[in-house]
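Visitor: Please find entry12.txt (compact mmCIF, C-alpha atoms and all ligand atoms) on the next line:
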# COMPACT_ATOMS: atom_id res chain seq x y z
CA MET K 1 124.55 108.36 99.53
CA VAL K 2 122.27 110.45 101.70
CA SER K 3 123.47 113.35 103.82
CA VAL K 4 121.34 114.78 106.65
CA ILE K 5 121.46 118.40 107.82
CA LEU K 6 119.98 119.04 111.25
CA PRO K 7 119.46 122.77 111.90
CA ALA K 8 119.90 123.27 115.65
CA ALA K 9 121.08 126.88 115.84
CA GLY K 10 117.84 128.49 117.04
CA ARG K 11 117.47 130.28 120.36
CA GLY K 12 114.26 128.53 121.46
CA LYS K 13 112.52 131.79 122.33
CA ARG K 14 109.03 130.27 122.44
CA MET K 15 110.24 127.53 124.81
CA GLN K 16 111.41 130.23 127.24
CA ALA K 17 113.94 127.89 128.85
CA GLY K 18 116.80 130.37 128.48
CA VAL K 19 118.87 127.78 126.57
CA ASN K 20 118.87 126.27 123.10
CA LYS K 21 115.83 123.96 123.34
CA VAL K 22 117.44 121.10 121.36
CA PHE K 23 119.71 120.45 124.38
CA LEU K 24 116.75 120.05 126.76
CA SER K 25 116.31 116.56 128.17
CA LEU K 26 113.62 114.07 127.18
CA LEU K 27 113.71 110.90 129.31
CA GLY K 28 117.23 111.83 130.40
CA LYS K 29 118.77 112.43 126.96
CA PRO K 30 118.93 115.66 124.91
CA ILE K 31 116.28 116.20 122.23
CA LEU K 32 119.10 116.41 119.66
CA TYR K 33 120.34 112.96 120.69
CA HIS K 34 116.93 111.36 120.07
CA THR K 35 116.87 113.02 116.64
CA LEU K 36 120.39 111.85 115.74
CA ARG K 37 119.54 108.28 116.79
CA ALA K 38 116.50 108.23 114.50
CA PHE K 39 118.65 109.05 111.45
CA ALA K 40 121.59 106.88 112.51
CA ALA K 41 119.24 103.87 112.32
CA VAL K 42 118.67 104.32 108.57
CA PRO K 43 121.32 102.47 106.53
CA GLU K 44 121.21 104.86 103.52
CA VAL K 45 122.16 107.80 105.75
CA ARG K 46 125.95 108.19 105.57
CA GLU K 47 126.52 111.72 106.86
CA LEU K 48 125.03 113.62 109.80
CA ILE K 49 125.63 117.36 110.04
CA VAL K 50 124.40 119.36 113.05
CA VAL K 51 124.29 123.13 112.62
CA THR K 52 124.39 124.95 115.93
CA GLY K 53 125.14 128.35 117.49
CA LYS K 54 128.67 129.78 117.25
CA ASP K 55 129.16 129.56 121.03
CA GLU K 56 127.86 125.98 121.18
CA VAL K 57 129.95 124.28 118.48
CA ALA K 58 132.97 123.29 120.60
CA ALA K 59 130.94 122.11 123.60
CA LEU K 60 128.58 120.10 121.39
CA ARG K 61 131.48 118.36 119.59
CA ARG K 62 132.81 117.29 123.00
CA SER K 63 129.45 116.26 124.43
CA LEU K 64 128.49 114.11 121.45
CA GLN K 65 131.52 111.91 122.09
CA HIS K 66 130.07 110.87 125.45
CA LEU K 67 126.71 109.80 124.08
CA PRO K 68 126.29 106.10 123.28
CA GLY K 69 125.41 104.62 119.90
CA LEU K 70 126.14 107.55 117.61
CA PRO K 71 128.19 107.47 114.38
CA ALA K 72 130.55 110.37 113.51
CA VAL K 73 128.65 113.69 113.50
CA LYS K 74 129.89 116.92 111.84
CA VAL K 75 129.14 120.07 113.80
CA VAL K 76 129.13 123.43 111.99
CA THR K 77 128.15 127.00 112.84
CA GLY K 78 124.67 128.29 112.05
CA GLY K 79 123.31 131.69 111.03
CA SER K 80 120.78 134.25 112.22
CA GLU K 81 117.92 132.62 110.26
CA ARG K 82 117.14 128.93 109.81
CA GLN K 83 117.70 129.32 106.05
CA TYR K 84 121.27 130.54 106.63
CA SER K 85 121.92 127.68 109.07
CA VAL K 86 120.79 125.17 106.44
CA TRP K 87 123.03 126.83 103.85
CA ASN K 88 126.06 126.41 106.13
CA GLY K 89 125.14 122.74 106.58
CA LEU K 90 124.75 122.31 102.85
CA GLU K 91 128.19 123.79 102.18
CA ALA K 92 129.65 121.32 104.68
CA SER K 93 127.91 118.34 103.08
CA SER K 94 129.77 115.84 100.95
CA ALA K 95 129.69 116.40 97.17
CA ASP K 96 129.10 112.61 96.96
CA ALA K 97 125.63 113.01 98.46
CA ASP K 98 122.99 112.64 95.76
CA VAL K 99 120.19 113.35 98.21
CA VAL K 100 120.27 115.79 101.13
CA LEU K 101 117.65 115.69 103.88
CA VAL K 102 116.98 118.72 106.04
CA HIS K 103 115.34 117.96 109.37
CA ASP K 104 114.59 120.19 112.36
CA ALA K 105 116.73 118.98 115.26
CA ALA K 106 113.67 119.84 117.38
CA ARG K 107 111.66 116.93 115.87
CA PRO K 108 112.98 113.89 117.79
CA LEU K 109 109.94 111.67 117.12
CA VAL K 110 110.49 111.25 113.38
CA SER K 111 109.93 107.64 112.31
CA ARG K 112 112.18 105.44 110.22
CA LYS K 113 109.33 105.02 107.73
CA THR K 114 109.02 108.77 107.18
CA ILE K 115 112.78 109.15 106.70
CA GLU K 116 112.84 106.29 104.18
CA ASP K 117 109.73 107.53 102.36
CA VAL K 118 111.18 111.04 101.98
CA ILE K 119 114.52 109.64 100.72
CA ALA K 120 112.71 107.49 98.14
CA ALA K 121 110.51 110.38 96.95
CA ALA K 122 113.45 112.81 96.79
CA LYS K 123 115.32 110.30 94.63
CA GLU K 124 112.35 109.86 92.32
CA TYR K 125 111.03 113.45 92.08
CA GLY K 126 113.99 115.67 93.10
CA ALA K 127 112.16 117.33 96.01
CA ALA K 128 109.90 115.83 98.68
CA ILE K 129 108.48 117.00 102.01
CA ALA K 130 106.87 115.20 104.94
CA ALA K 131 103.45 116.64 105.78
CA VAL K 132 100.11 115.81 107.41
CA PRO K 133 96.58 116.90 106.46
CA GLU K 134 95.64 119.95 108.56
CA LYS K 135 93.20 119.03 111.35
CA ASN K 136 92.12 122.55 112.27
CA THR K 137 90.16 125.09 110.31
CA VAL K 138 92.72 127.76 109.42
CA LYS K 139 91.81 131.41 108.80
CA ILE K 140 93.69 134.29 107.23
CA VAL K 141 93.52 137.12 109.76
CA GLU K 142 94.58 140.75 109.40
CA ASP K 143 94.41 143.28 112.27
CA GLY K 144 92.31 140.87 114.34
CA VAL K 145 89.68 140.40 111.64
CA VAL K 146 89.10 137.30 109.51
CA VAL K 147 89.87 137.93 105.85
CA SER K 148 89.15 134.45 104.48
CA THR K 149 88.91 130.73 105.26
CA PRO K 150 90.96 128.50 102.93
CA GLU K 151 89.35 125.16 102.11
CA ARG K 152 90.67 122.78 104.77
CA ALA K 153 90.79 119.74 102.49
CA LYS K 154 93.59 121.43 100.54
CA LEU K 155 95.68 122.43 103.58
CA TRP K 156 98.67 120.38 104.70
CA ALA K 157 100.79 121.08 107.74
CA VAL K 158 104.36 120.79 106.59
CA GLN K 159 106.91 119.00 108.75
CA THR K 160 110.43 117.72 108.17
CA PRO K 161 112.40 115.85 106.85
CA GLN K 162 112.44 117.61 103.52
CA GLY K 163 114.61 115.84 100.94
CA PHE K 164 116.20 117.18 97.77
CA GLN K 165 118.71 116.32 95.12
CA ARG K 166 121.75 118.13 96.50
CA SER K 167 122.33 120.11 93.30
CA LEU K 168 118.69 121.32 93.27
CA LEU K 169 118.81 122.48 96.89
CA MET K 170 122.09 124.32 96.25
CA ALA K 171 120.70 126.04 93.15
CA ALA K 172 117.48 126.98 95.00
CA ASN K 173 119.48 128.46 97.90
CA GLU K 174 121.68 130.43 95.51
CA LYS K 175 118.63 131.88 93.74
CA ALA K 176 116.99 132.73 97.10
CA GLU K 177 120.16 134.57 98.13
CA LYS K 178 120.27 136.49 94.83
CA ASP K 179 116.57 137.45 95.11
CA SER K 180 116.73 138.18 98.89
CA PHE K 181 114.01 135.54 99.29
CA LEU K 182 113.60 134.25 102.85
CA GLY K 183 111.43 131.14 103.24
CA THR K 184 110.10 129.49 106.39
CA ASP K 185 111.03 126.04 105.10
CA ASP K 186 113.47 124.61 102.55
CA ALA K 187 110.82 123.58 100.04
CA SER K 188 109.65 127.19 99.65
CA LEU K 189 113.08 127.99 98.16
CA VAL K 190 112.69 125.14 95.70
CA GLU K 191 109.15 126.38 94.86
CA HIS K 192 110.59 129.90 94.33
CA TYR K 193 113.21 128.33 92.05
CA GLY K 194 110.37 126.84 90.00
CA ALA K 195 110.71 123.10 90.70
CA LYS K 196 107.90 120.75 91.80
CA VAL K 197 107.81 119.53 95.40
CA HIS K 198 106.28 116.12 96.13
CA VAL K 199 104.31 115.59 99.37
CA VAL K 200 104.86 112.46 101.49
CA MET K 201 102.28 111.48 104.12
CA ASP K 202 103.87 111.75 107.58
CA SER K 203 102.52 110.89 111.04
CA TYR K 204 100.93 113.37 113.49
CA GLN K 205 103.48 112.10 116.01
CA ASN K 206 106.38 113.93 114.31
CA ILE K 207 105.83 117.17 116.28
CA LYS K 208 108.30 120.05 116.47
CA ILE K 209 109.13 120.79 120.07
CA THR K 210 108.39 124.49 120.25
CA THR K 211 106.60 125.39 123.52
CA PRO K 212 106.71 123.71 126.99
CA GLU K 213 103.50 121.76 126.24
CA ASP K 214 105.35 119.92 123.50
CA LEU K 215 107.80 118.45 126.05
CA VAL K 216 104.91 116.70 127.83
CA VAL K 217 103.55 115.31 124.58
CA ALA K 218 106.97 114.18 123.34
CA GLU K 219 107.80 112.37 126.59
CA ALA K 220 104.45 110.60 126.48
CA PHE K 221 105.18 109.40 122.94
CA LEU K 222 108.69 108.24 123.90
CA ARG K 223 107.27 106.27 126.86
CA GLN K 224 104.49 104.77 124.78
CA LYS K 225 105.29 101.15 124.08
CA ARG K 226 101.87 100.14 122.74
CA SER K 227 100.72 100.94 119.24
CA LEU K 228 98.38 103.89 118.69
CA HIS K 229 95.85 101.36 117.38
CA ASP K 230 95.84 99.49 120.75
CA THR K 231 95.50 102.79 122.62
CA MET K 232 92.50 103.71 120.48
CA GLN K 233 90.94 100.22 120.93
CA ASP K 234 91.22 100.55 124.75
CA ALA K 235 89.61 103.97 124.58
CA ALA K 236 86.79 102.54 122.45
CA ALA K 237 86.20 99.43 124.60
CA LYS K 238 84.12 101.20 127.28
CA VAL K 239 82.01 103.36 124.99
CA HIS K 240 79.07 100.92 124.88
CA ASP K 241 78.96 100.64 128.71
CA PHE K 242 79.15 104.42 129.08
CA LEU K 243 76.27 105.03 126.71
CA HIS K 244 74.13 102.37 128.45
CA GLY K 245 74.71 103.72 131.95
CA LYS K 246 76.93 100.86 133.21
CA ASP K 247 80.04 101.43 135.37
N1 LIG E 301 117.20 126.91 113.63
C1 LIG E 301 118.50 127.09 113.15
N2 LIG E 301 118.99 128.36 112.94
C2 LIG E 301 118.22 129.44 113.19
C3 LIG E 301 116.89 129.27 113.65
C4 LIG E 301 116.39 127.98 113.87
O1 LIG E 301 119.22 126.11 112.93
N3 LIG E 301 118.74 130.66 112.98
C5 LIG E 301 116.70 125.53 113.89
C6 LIG E 301 116.21 125.33 115.33
O2 LIG E 301 117.30 125.03 116.18
C7 LIG E 301 115.20 124.20 115.20
C8 LIG E 301 114.69 124.35 113.76
O3 LIG E 301 115.56 125.26 113.10
O4 LIG E 301 115.78 122.91 115.34
C9 LIG E 301 113.25 124.86 113.75
O5 LIG E 301 113.20 126.17 114.29
P1 LIG E 301 112.31 126.63 115.54
O6 LIG E 301 111.41 125.55 115.98
O7 LIG E 301 111.75 127.98 115.21
O8 LIG E 301 113.42 126.76 116.70
P2 LIG E 301 113.97 128.06 117.41
O9 LIG E 301 114.24 129.11 116.38
O10 LIG E 301 115.09 127.64 118.29
O11 LIG E 301 112.73 128.48 118.33
P3 LIG E 301 112.04 129.94 118.45
O12 LIG E 301 111.57 130.30 117.05
O13 LIG E 301 110.93 129.74 119.43
O14 LIG E 301 113.12 130.88 118.95
MG MG E 302 112.60 129.92 115.16
Please, can you express the file's structure as structure tokens?
Ligand code: CTP
Ligand code: MG

Guide:
Amino acid sequence: MVSVILPAAGRGKRMQAGVNKVFLSLLGKPILYHTLRAFAAVPEVRELIVVTGKDEVAALRRSLQHLPGLPAVKVVTGGSERQYSVWNGLEASSADADVVLVHDAARPLVSRKTIEDVIAAAKEYGAAIAAVPEKNTVKIVEDGVVVSTPERAKLWAVQTPQGFQRSLLMAANEKAEKDSFLGTDDASLVEHYGAKVHVVMDSYQNIKITTPEDLVVAEAFLRQKRSLHDTMQDAAAKVHDFLHGKD
């Protein structure tokens, strides 16, 4: 079975809403609800664990009962860093889970395909992460001065879900704790442990809602009923007229 840990214990400082951003509304429902629904739709997923702030646990347990179409959800207390929140979720996960997925609660647009692809790759390789090729040129900067420009073709922007054999993720977290290693994602702990991490192609749509701009983009995606291909075809249809001076 597959267990899913949804870290949702951040403070949303960059959103500047004064509340935990995962409770903010998108089309009338909390971001966290959209995220839970995405995972609830995948048959292999048998356990959903939300990790949230100490003061939010009781209220969230109550509120989830009033939201339609959700299976049972475990709610546990998070820590001061995302890594500690994930650890608490991992400790609460069922020992029957062969694969554990970790997914930012702040990514409500994750697709069923991505979830299923990461589960399949985690089963096959032990560790797998969703990622997209970097679109921007990225520079290493120190004190306001460019130090170097890594080759873009080798850069991938890492998203979630990240999937692992449960025993591997536990061992990697234990080693990180012993070595005082703090990573910015779960895979970096597995890399530090010395295991290979497989990359799964994700979609650019699976954004992490971080700043207010991201709310606009996420709502637009949720409203979008047409395929991205149709949207692109419409945008392309008038190019010939434009270039030949027609209205
Ligand atoms: N998270 C968590 N525990 C923490 C920090 C973050 O569970 N101590 C969760 C967040 O709730 C979010 C995900 O990890 O779903 C990704 O983190 P991020 O986007 O950085 O969210 P916040 O930490 O809330 O935002 P900010 O960094 O702007 O304060
Ligand atoms: Mg944060």

Visitor: Which residues are near ligand LIG 301 (chain E) in this structure, taking near to mean any atom at most 8 Å from a ligand atom and counting only C-alpha atoms and all ligand atoms? Format them as an MDAnalysis selection string.

Guide: chainID K and resid 6:16 20:22 51:53 78:86 103:107 208:211

Visitor: Quick one: everything within 9 Å of Phe39 of chain K, counting all atoms listed in the file, minus sequence neighbours fewer than 3 positions away in the same chain. Send it as a ChimeraX atom specification.

Guide: /K:4,35-36,42-43,45,48,110-112,115

Visitor: Can you tell me how far atom CA of Leu26 of chain K sits from atom CA of Glu219 of chain K, in Å to one decimal?

Guide: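 These atoms are spaced 6.1 Å apart.
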
Visitor: Choose the residue, out of K:Asp98, K:Glu47, K:Asp185, K:Glu56, that has the smallest atom-to-atom separation from Phe23 of chain K; count only C-alpha atoms.

Guide: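 Nearest to Phe23 of chain K: K:Glu56.
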
Visitor: For a quick check of understanding, using only C-alpha atoms, which of K:Glu124, K:Trp87, K:Asp234, K:Val73 has the smallest distance to Ala176 of chain K?

Guide: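 Once distances to Ala176 of chain K are computed over only C-alpha atoms, the minimum belongs to K:Trp87.
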
Visitor: Do you know which residues are at most 10 Å from Thr149 of chain K counting all atoms listed in the file, after dropping those on the same chain fewer than 3 positions away, and could you put them as an NGL selection string?

Guide: :K and (137-141 or 146 or 152)

Visitor: May I have the residues from that selection written out with C-alpha atoms, as a PDB file, in the coordinates of the input?

Guide:
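Generated file (out-v8.pdb):
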ATOM      1  CA  THR K 137      90.160 125.090 110.310  1.00  0.00           C
ATOM      2  CA  VAL K 138      92.720 127.760 109.420  1.00  0.00           C
ATOM      3  CA  LYS K 139      91.810 131.410 108.800  1.00  0.00           C
ATOM      4  CA  ILE K 140      93.690 134.290 107.230  1.00  0.00           C
ATOM      5  CA  VAL K 141      93.520 137.120 109.760  1.00  0.00           C
ATOM      6  CA  VAL K 146      89.100 137.300 109.510  1.00  0.00           C
ATOM      7  CA  ARG K 152      90.670 122.780 104.770  1.00  0.00           C
TER       8      ARG K 152
END

Visitor: Can you work out which one of K:Leu243, K:Arg166, K:His229, K:Thr184 has the shortest atom-to-atom distance to ligand MG 302 (chain E), counting all atoms listed in the file?

Guide: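 Once distances to ligand MG 302 (chain E) are computed over all atoms listed in the file, the minimum belongs to K:Thr184.
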
Visitor: By how many Å are atom CA of Val75 of chain K and atom CA of Tyr193 of chain K apart?

Guide: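 Spanning atom CA of Val75 of chain K to atom CA of Tyr193 of chain K is a straight-line distance of 28.2 Å.
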
Visitor: For atom CA of Ala127 of chain K and atom CA of Gly163 of chain K, determine how far apart the two atoms are, in Å to one decimal place.

Guide: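 So the two atoms, atom CA of Ala127 of chain K and atom CA of Gly163 of chain K, lie 5.7 Å apart.
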
Visitor: Trp156 of chain K: which residues within 6 Å, counting only C-alpha atoms, same-chain residues fewer than 5 positions away excluded, as a list in words?

Guide: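 What passes the distance filter is Val132, Pro133 and Glu134 of chain K.
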
Visitor: Which residues of segment 11-52 of chain K have any atom within 9 Å of an atom in segment 59-69 of chain K when counting only C-alpha atoms, and what is the closest pair of atoms for each, with the distance in Å to one decimal? Order the rows by chain and rising number and write it as a tab-separated table.

Guide:
residue	atom	partner	partner_atom	distance
K:Lys29	CA	K:Leu67	CA	8.8
K:Tyr33	CA	K:Leu67	CA	7.9
K:Arg37	CA	K:Gly69	CA	7.6
K:Ala40	CA	K:Gly69	CA	8.6
K:Thr52	CA	K:Leu60	CA	8.4

Visitor: Could you give me, as an MDAnalysis selection string, the residues within 7 Å of Pro161 of chain K, counting all atoms listed in the file and dropping anything in the same chain fewer than 6 positions from it?

Guide: chainID K and resid 101:103 115 118 129:130

Visitor: Here is a test: counting all atoms listed in the file, which residue of K:Ala92, K:Leu109, K:Val50, K:Ala97 is nearest to Leu222 of chain K?

Guide: K:Leu109
